[in-house]
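Engineer: Contents of final_18.tsv (TSV, C-alpha atoms):
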```
chain	number	residue	atom	x	y	z
K	1	MET	CA	1.41	-12.03	-49.13
K	2	ASN	CA	0.10	-8.56	-48.25
K	3	TYR	CA	-3.42	-9.85	-48.89
K	4	CYS	CA	-2.97	-12.50	-46.16
K	5	LYS	CA	-1.68	-9.90	-43.70
K	6	LEU	CA	-4.70	-7.69	-44.43
K	7	ILE	CA	-7.13	-10.55	-43.81
K	8	TRP	CA	-5.28	-11.45	-40.61
K	9	LEU	CA	-5.44	-7.82	-39.44
K	10	ILE	CA	-9.18	-7.66	-40.15
K	11	ILE	CA	-9.76	-10.87	-38.18
K	12	VAL	CA	-7.73	-9.56	-35.22
K	13	LEU	CA	-9.55	-6.21	-35.22
K	14	PHE	CA	-12.93	-7.91	-35.48
K	15	SER	CA	-12.05	-10.23	-32.58
K	16	CYS	CA	-10.93	-7.27	-30.46
K	17	SER	CA	-14.16	-5.41	-31.13
K	18	LEU	CA	-16.20	-8.48	-30.13
K	19	PHE	CA	-14.17	-8.81	-26.93
K	20	ALA	CA	-14.64	-5.12	-26.10
K	21	LYS	CA	-18.39	-5.41	-26.70
K	22	ALA	CA	-18.57	-8.47	-24.42
K	23	GLN	CA	-16.91	-6.45	-21.65
K	24	GLU	CA	-19.75	-3.89	-21.82
K	25	TYR	CA	-22.38	-6.54	-21.05
K	26	GLU	CA	-24.31	-5.66	-17.94
K	27	MET	CA	-24.48	-8.61	-15.64
K	28	PRO	CA	-27.88	-9.07	-14.02
K	29	ALA	CA	-27.87	-9.11	-10.24
K	30	ILE	CA	-29.10	-12.19	-8.45
K	31	GLN	CA	-32.74	-11.88	-7.48
K	32	ALA	CA	-32.95	-11.02	-3.79
K	33	ASP	CA	-35.66	-13.61	-3.14
K	34	SER	CA	-33.42	-16.40	-4.46
K	35	LEU	CA	-30.85	-15.85	-1.71
K	36	LYS	CA	-30.99	-17.45	1.72
K	37	GLU	CA	-29.06	-14.63	3.36
K	38	ALA	CA	-30.64	-11.64	5.08
K	39	ASP	CA	-31.98	-8.72	3.02
K	40	THR	CA	-30.14	-6.26	5.23
K	41	LEU	CA	-26.47	-5.72	5.96
K	42	PRO	CA	-25.68	-8.58	8.33
K	43	ASN	CA	-24.06	-8.25	11.69
K	44	PHE	CA	-20.45	-9.39	11.54
K	45	ILE	CA	-17.14	-9.20	13.32
K	46	PHE	CA	-14.08	-9.11	11.10
K	47	TYR	CA	-10.65	-7.67	11.85
K	48	THR	CA	-8.75	-4.71	10.47
K	49	ILE	CA	-5.58	-5.63	8.64
K	50	LYS	CA	-3.61	-2.71	9.99
K	51	ASP	CA	-3.90	-3.61	13.69
K	52	SER	CA	-6.14	-6.72	13.89
K	53	MET	CA	-8.81	-4.79	15.79
K	54	PRO	CA	-12.42	-6.03	15.65
K	55	PHE	CA	-14.61	-4.28	13.09
K	56	THR	CA	-18.42	-4.45	13.07
K	57	PRO	CA	-21.19	-2.67	11.13
K	58	HIS	CA	-21.56	-0.36	14.14
K	59	GLN	CA	-18.33	1.32	13.03
K	60	LEU	CA	-19.76	2.23	9.63
K	61	LYS	CA	-21.30	5.64	8.99
K	62	LYS	CA	-25.08	5.50	9.25
K	63	GLY	CA	-27.04	6.72	6.25
K	64	LEU	CA	-24.38	5.84	3.66
K	65	PRO	CA	-24.62	2.96	1.17
K	66	VAL	CA	-22.25	0.00	1.43
K	67	LEU	CA	-20.42	-2.06	-1.18
K	68	PHE	CA	-19.32	-5.32	0.47
K	69	ILE	CA	-16.76	-7.47	-1.35
K	70	SER	CA	-15.35	-10.87	-0.45
K	71	PHE	CA	-12.08	-11.50	-2.26
K	72	ASN	CA	-9.02	-13.70	-2.50
K	73	THR	CA	-5.64	-12.07	-3.05
K	74	GLU	CA	-4.63	-14.65	-5.67
K	75	CYS	CA	-7.88	-14.47	-7.66
K	76	ASP	CA	-7.48	-12.79	-11.07
K	77	HIS	CA	-11.10	-11.62	-11.07
K	78	CYS	CA	-10.68	-10.14	-7.58
K	79	GLN	CA	-7.56	-8.30	-8.70
K	80	LYS	CA	-9.40	-6.92	-11.75
K	81	GLU	CA	-12.37	-5.91	-9.58
K	82	THR	CA	-10.00	-4.08	-7.23
K	83	GLU	CA	-8.39	-2.22	-10.14
K	84	ALA	CA	-11.82	-1.31	-11.52
K	85	ILE	CA	-12.92	0.07	-8.15
K	86	LYS	CA	-9.75	2.14	-7.95
K	87	ASN	CA	-10.37	3.47	-11.48
K	88	TYR	CA	-13.94	4.45	-10.58
K	89	ILE	CA	-13.23	5.57	-7.02
K	90	ASP	CA	-14.46	9.13	-7.64
K	91	TYR	CA	-17.89	7.73	-8.48
K	92	PHE	CA	-18.00	5.91	-5.14
K	93	SER	CA	-17.99	9.13	-3.16
K	94	GLY	CA	-20.38	8.68	-0.26
K	95	ILE	CA	-20.33	4.88	-0.55
K	96	GLN	CA	-18.54	2.77	2.03
K	97	ILE	CA	-16.44	0.06	0.41
K	98	ILE	CA	-15.57	-2.98	2.52
K	99	MET	CA	-13.25	-5.70	1.24
K	100	VAL	CA	-12.95	-8.92	3.27
K	101	SER	CA	-10.74	-11.96	2.79
K	102	ARG	CA	-10.36	-15.09	4.86
K	103	GLN	CA	-6.70	-15.36	3.92
K	104	SER	CA	-3.82	-14.67	6.29
K	105	ARG	CA	-3.20	-11.15	7.49
K	106	ALA	CA	0.21	-11.24	5.76
K	107	ASP	CA	-1.37	-12.13	2.39
K	108	ILE	CA	-3.98	-9.40	2.73
K	109	LEU	CA	-1.34	-6.84	3.75
K	110	LYS	CA	0.70	-7.75	0.69
K	111	PHE	CA	-2.40	-7.24	-1.50
K	112	TYR	CA	-3.11	-3.96	0.36
K	113	LYS	CA	0.38	-2.70	-0.44
K	114	THR	CA	0.50	-4.04	-4.01
K	115	TYR	CA	-2.79	-2.36	-4.94
K	116	GLN	CA	-2.01	0.75	-2.82
K	117	ILE	CA	-5.35	0.47	-1.02
K	118	ARG	CA	-4.28	2.93	1.70
K	119	GLU	CA	-4.62	5.70	-0.89
K	120	TYR	CA	-8.34	4.93	-1.28
K	121	PRO	CA	-11.33	5.06	1.06
K	122	ILE	CA	-11.59	1.27	1.24
K	123	ILE	CA	-11.98	-0.66	4.48
K	124	MET	CA	-9.85	-3.81	4.22
K	125	LEU	CA	-10.71	-6.59	6.68
K	126	GLN	CA	-9.72	-10.16	7.52
K	127	ASP	CA	-12.11	-13.04	8.29
K	128	PRO	CA	-9.85	-15.38	10.30
K	129	ASN	CA	-12.82	-17.40	11.58
K	130	ASN	CA	-14.15	-18.13	8.07
K	131	LEU	CA	-17.59	-16.66	8.79
K	132	LEU	CA	-18.21	-15.19	5.33
K	133	HIS	CA	-19.85	-18.37	4.05
K	134	LYS	CA	-22.06	-18.57	7.13
K	135	ILE	CA	-23.21	-14.97	6.66
K	136	PHE	CA	-23.45	-14.75	2.87
K	137	ASP	CA	-24.75	-17.24	0.33
K	138	PHE	CA	-22.06	-17.43	-2.36
K	139	GLU	CA	-19.89	-19.96	-4.14
K	140	TYR	CA	-17.51	-17.82	-6.19
K	141	ILE	CA	-15.31	-14.82	-5.67
K	142	PRO	CA	-15.32	-11.97	-5.87
K	143	MET	CA	-18.65	-11.83	-4.10
K	144	LEU	CA	-20.27	-8.39	-4.08
K	145	ARG	CA	-23.27	-7.16	-2.12
K	146	GLN	CA	-24.70	-3.69	-2.49
K	147	TYR	CA	-26.71	-2.04	0.26
K	148	ASN	CA	-28.59	1.25	0.08
K	149	LYS	CA	-28.31	4.02	2.68
K	150	LYS	CA	-30.77	2.15	4.93
K	151	TRP	CA	-28.56	-0.93	4.55
K	152	LYS	CA	-31.13	-2.92	2.61
K	153	ARG	CA	-29.61	-5.16	-0.06
K	154	ILE	CA	-30.16	-3.78	-3.55
K	155	ALA	CA	-28.00	-6.18	-5.57
K	156	ALA	CA	-25.94	-9.34	-5.17
K	157	TYR	CA	-23.19	-10.70	-7.39
K	158	ASN	CA	-21.41	-13.99	-6.94
K	159	GLU	CA	-18.72	-13.08	-9.44
K	160	GLN	CA	-17.01	-10.05	-10.91
K	161	ALA	CA	-19.48	-7.31	-11.88
K	162	PRO	CA	-19.11	-4.34	-14.25
K	163	MET	CA	-18.56	-1.03	-12.45
K	164	GLY	CA	-21.18	0.65	-14.63
K	165	THR	CA	-23.81	-1.80	-13.39
K	166	ILE	CA	-22.77	-1.39	-9.76
K	167	LEU	CA	-22.94	2.40	-10.03
K	168	LYS	CA	-26.34	2.27	-11.76
K	169	ASN	CA	-27.67	0.12	-8.91
K	170	PHE	CA	-26.56	2.71	-6.37
K	171	GLU	CA	-28.03	5.55	-8.45
K	172	ALA	CA	-31.38	3.76	-8.77
K	173	ALA	CA	-31.47	3.04	-5.03
K	174	GLU	CA	-30.78	6.71	-4.27
K	175	LYS	CA	-33.76	7.78	-6.38
K	176	LYS	CA	-36.17	5.54	-4.46
```
Write the structure described by the file as structure tokens, please.
Structural biologist:
Amino acid sequence: MNYCKLIWLIIVLFSCSLFAKAQEYEMPAIQADSLKEADTLPNFIFYTIKDSMPFTPHQLKKGLPVLFISFNTECDHCQKETEAIKNYIDYFSGIQIIMVSRQSRADILKFYKTYQIREYPIIMLQDPNNLLHKIFDFEYIPMLRQYNKKWKRIAAYNEQAPMGTILKNFEAAEKK
């Protein structure tokens, strides 16, 4: 009987190590020339969730990179991406993080409170006019776009992306 338990334990440990290795996989960014959207941070008008005030790129700090994320509050991958950003927040110093959802303000506020976003330098916005799909070319969420300090797109993800890869993209863009 102990022999069976040992084999079972080995199988479980092996499976866990394979799963952990799969999580380290660096996801390649979508090639910029394969996207229909602009190569620069697009002009947009979304609304702050705190007071429903209009927010445009003109309110961002010039000369700082941008991480733009479209999310859904009920999406497991979006929730995991949010947790990962929070865990790596110290590495995002000097990077403006914008999270946008087309869901109701109440749903976004609930997400904002649940994930304690107010404690982090993250700009949380609402897209009540459903313009995200007109501005960005994506089918899945979370959708991430990375822009360098000149607001030129350096990477695009139409799904959850590893934080290590995102940070490496910003580091490489800074060296150029």
Engineer: Per residue of segment 101-151 of chain K within 10 Å of segment 60-73 of chain K, what are the shortest atom pair and its distance in Å to one decimal, counting only C-alpha atoms, with rows by chain and residue number, as a Markdown table?
Structural biologist:
```
| residue | atom | partner | partner_atom | distance |
| --- | --- | --- | --- | --- |
| K:Ser101 | CA | K:Phe71 | CA | 5.2 |
| K:Arg102 | CA | K:Asn72 | CA | 7.6 |
| K:Gln103 | CA | K:Asn72 | CA | 7.0 |
| K:Ser104 | CA | K:Thr73 | CA | 9.9 |
| K:Asp107 | CA | K:Thr73 | CA | 6.9 |
| K:Ile108 | CA | K:Thr73 | CA | 6.6 |
| K:Leu109 | CA | K:Thr73 | CA | 9.6 |
| K:Lys110 | CA | K:Thr73 | CA | 8.5 |
| K:Phe111 | CA | K:Thr73 | CA | 6.0 |
| K:Tyr112 | CA | K:Thr73 | CA | 9.2 |
| K:Ile122 | CA | K:Leu67 | CA | 9.7 |
| K:Ile123 | CA | K:Phe68 | CA | 9.6 |
| K:Met124 | CA | K:Ile69 | CA | 9.6 |
| K:Leu125 | CA | K:Ser70 | CA | 9.5 |
| K:Gln126 | CA | K:Ser70 | CA | 9.8 |
| K:Asp127 | CA | K:Ser70 | CA | 9.6 |
| K:Leu132 | CA | K:Ser70 | CA | 7.8 |
| K:His133 | CA | K:Ser70 | CA | 9.8 |
| K:Phe136 | CA | K:Ser70 | CA | 9.6 |
| K:Phe138 | CA | K:Ser70 | CA | 9.6 |
| K:Tyr140 | CA | K:Phe71 | CA | 9.2 |
| K:Ile141 | CA | K:Phe71 | CA | 5.8 |
| K:Pro142 | CA | K:Phe71 | CA | 4.9 |
| K:Met143 | CA | K:Ser70 | CA | 5.0 |
| K:Leu144 | CA | K:Ile69 | CA | 4.5 |
| K:Arg145 | CA | K:Phe68 | CA | 5.1 |
| K:Gln146 | CA | K:Leu67 | CA | 4.8 |
| K:Tyr147 | CA | K:Val66 | CA | 5.0 |
| K:Asn148 | CA | K:Pro65 | CA | 4.5 |
| K:Lys149 | CA | K:Pro65 | CA | 4.1 |
| K:Lys150 | CA | K:Gly63 | CA | 6.0 |
| K:Trp151 | CA | K:Pro65 | CA | 6.5 |
```
Engineer: Between K:Arg118, K:Lys175, K:Lys152, K:Lys134, which one has atoms that come closest to Lys86 of chain K, using only C-alpha atoms?
Structural biologist: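 Among K:Arg118, K:Lys175, K:Lys152, K:Lys134, it is K:Arg118 that comes nearest to Lys86 of chain K.
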Engineer: Out of K:Tyr47, K:Thr165, K:Thr40, K:Gln116, which residue has the shortest atom-to-atom distance to Asn129 of chain K when counting only C-alpha atoms?
Structural biologist: K:Tyr47
Engineer: From the options K:Asp39, K:Thr82, K:Phe44, K:Glu174, which residue's atoms come nearest to Ile135 of chain K, counting only C-alpha atoms?
Structural biologist: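 Ranking K:Asp39, K:Thr82, K:Phe44, K:Glu174 by distance to Ile135 of chain K, first place goes to K:Phe44.
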Engineer: My list of candidates is K:Lys50, K:Tyr91, K:Leu131, K:Asp76. Which is closest to Ile166 of chain K when distances are computed with all atoms listed in the file?
Structural biologist: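 Selected residue with least distance to Ile166 of chain K: K:Tyr91.
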Engineer: What is the atom CA of His77 of chain K to atom CA of Ala155 of chain K distance in Å?
Structural biologist: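 The value is 18.6 Å.
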Engineer: Go through K:Glu171, K:Glu159, K:Asp137, K:Glu119 one by one, measure the shortest atom-to-atom distance of each to Lys80 of chain K using all atoms listed in the file, and give the residue with the smallest value.
Structural biologist: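 Smallest distance to Lys80 of chain K is found for K:Glu159.
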Engineer: What separation in Å, quoted to one decimal, exists between atom CA of Gln160 of chain K and atom CA of Cys78 of chain K?
Structural biologist: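 Separating atom CA of Gln160 of chain K from atom CA of Cys78 of chain K is a distance of 7.2 Å.
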Engineer: Please compute the atom CA of Glu37 of chain K-atom CA of Phe55 of chain K distance, one decimal, in Å.
Structural biologist: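 We find that atom CA of Glu37 of chain K and atom CA of Phe55 of chain K lie 20.3 Å from each other.
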Engineer: Work out where the centre of an axis-aligned box around every listed atom of segment 114-123 of chain K lies and how long its edges are once 3 Å is added on each side; give both in Å to one decimal as AutoDock Vina command-line options.
Structural biologist:
```
--center_x -5.7 --center_y 0.8 --center_z -0.2 --size_x 18.5 --size_y 15.7 --size_z 15.4
```
Engineer: Got a sec: who's within 10 Å of Ile89 of chain K, counting all atoms listed in the file, leaving out chain neighbours fewer than 5 positions off, as a PyMOL selection string?
Structural biologist: chain K and resi 83-84+95+97+120-122
Engineer: Limited to C-alpha atoms, could you put the picked residues into a file as a PDB file, keeping the file's coordinate frame?
Structural biologist:
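Contents of selection34.pdb, freshly written:
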```
ATOM      1  CA  GLU K  83      -8.390  -2.220 -10.140  1.00  0.00           C
ATOM      2  CA  ALA K  84     -11.820  -1.310 -11.520  1.00  0.00           C
ATOM      3  CA  ILE K  95     -20.330   4.880  -0.550  1.00  0.00           C
ATOM      4  CA  ILE K  97     -16.440   0.060   0.410  1.00  0.00           C
ATOM      5  CA  TYR K 120      -8.340   4.930  -1.280  1.00  0.00           C
ATOM      6  CA  PRO K 121     -11.330   5.060   1.060  1.00  0.00           C
ATOM      7  CA  ILE K 122     -11.590   1.270   1.240  1.00  0.00           C
TER       8      ILE K 122
END
```
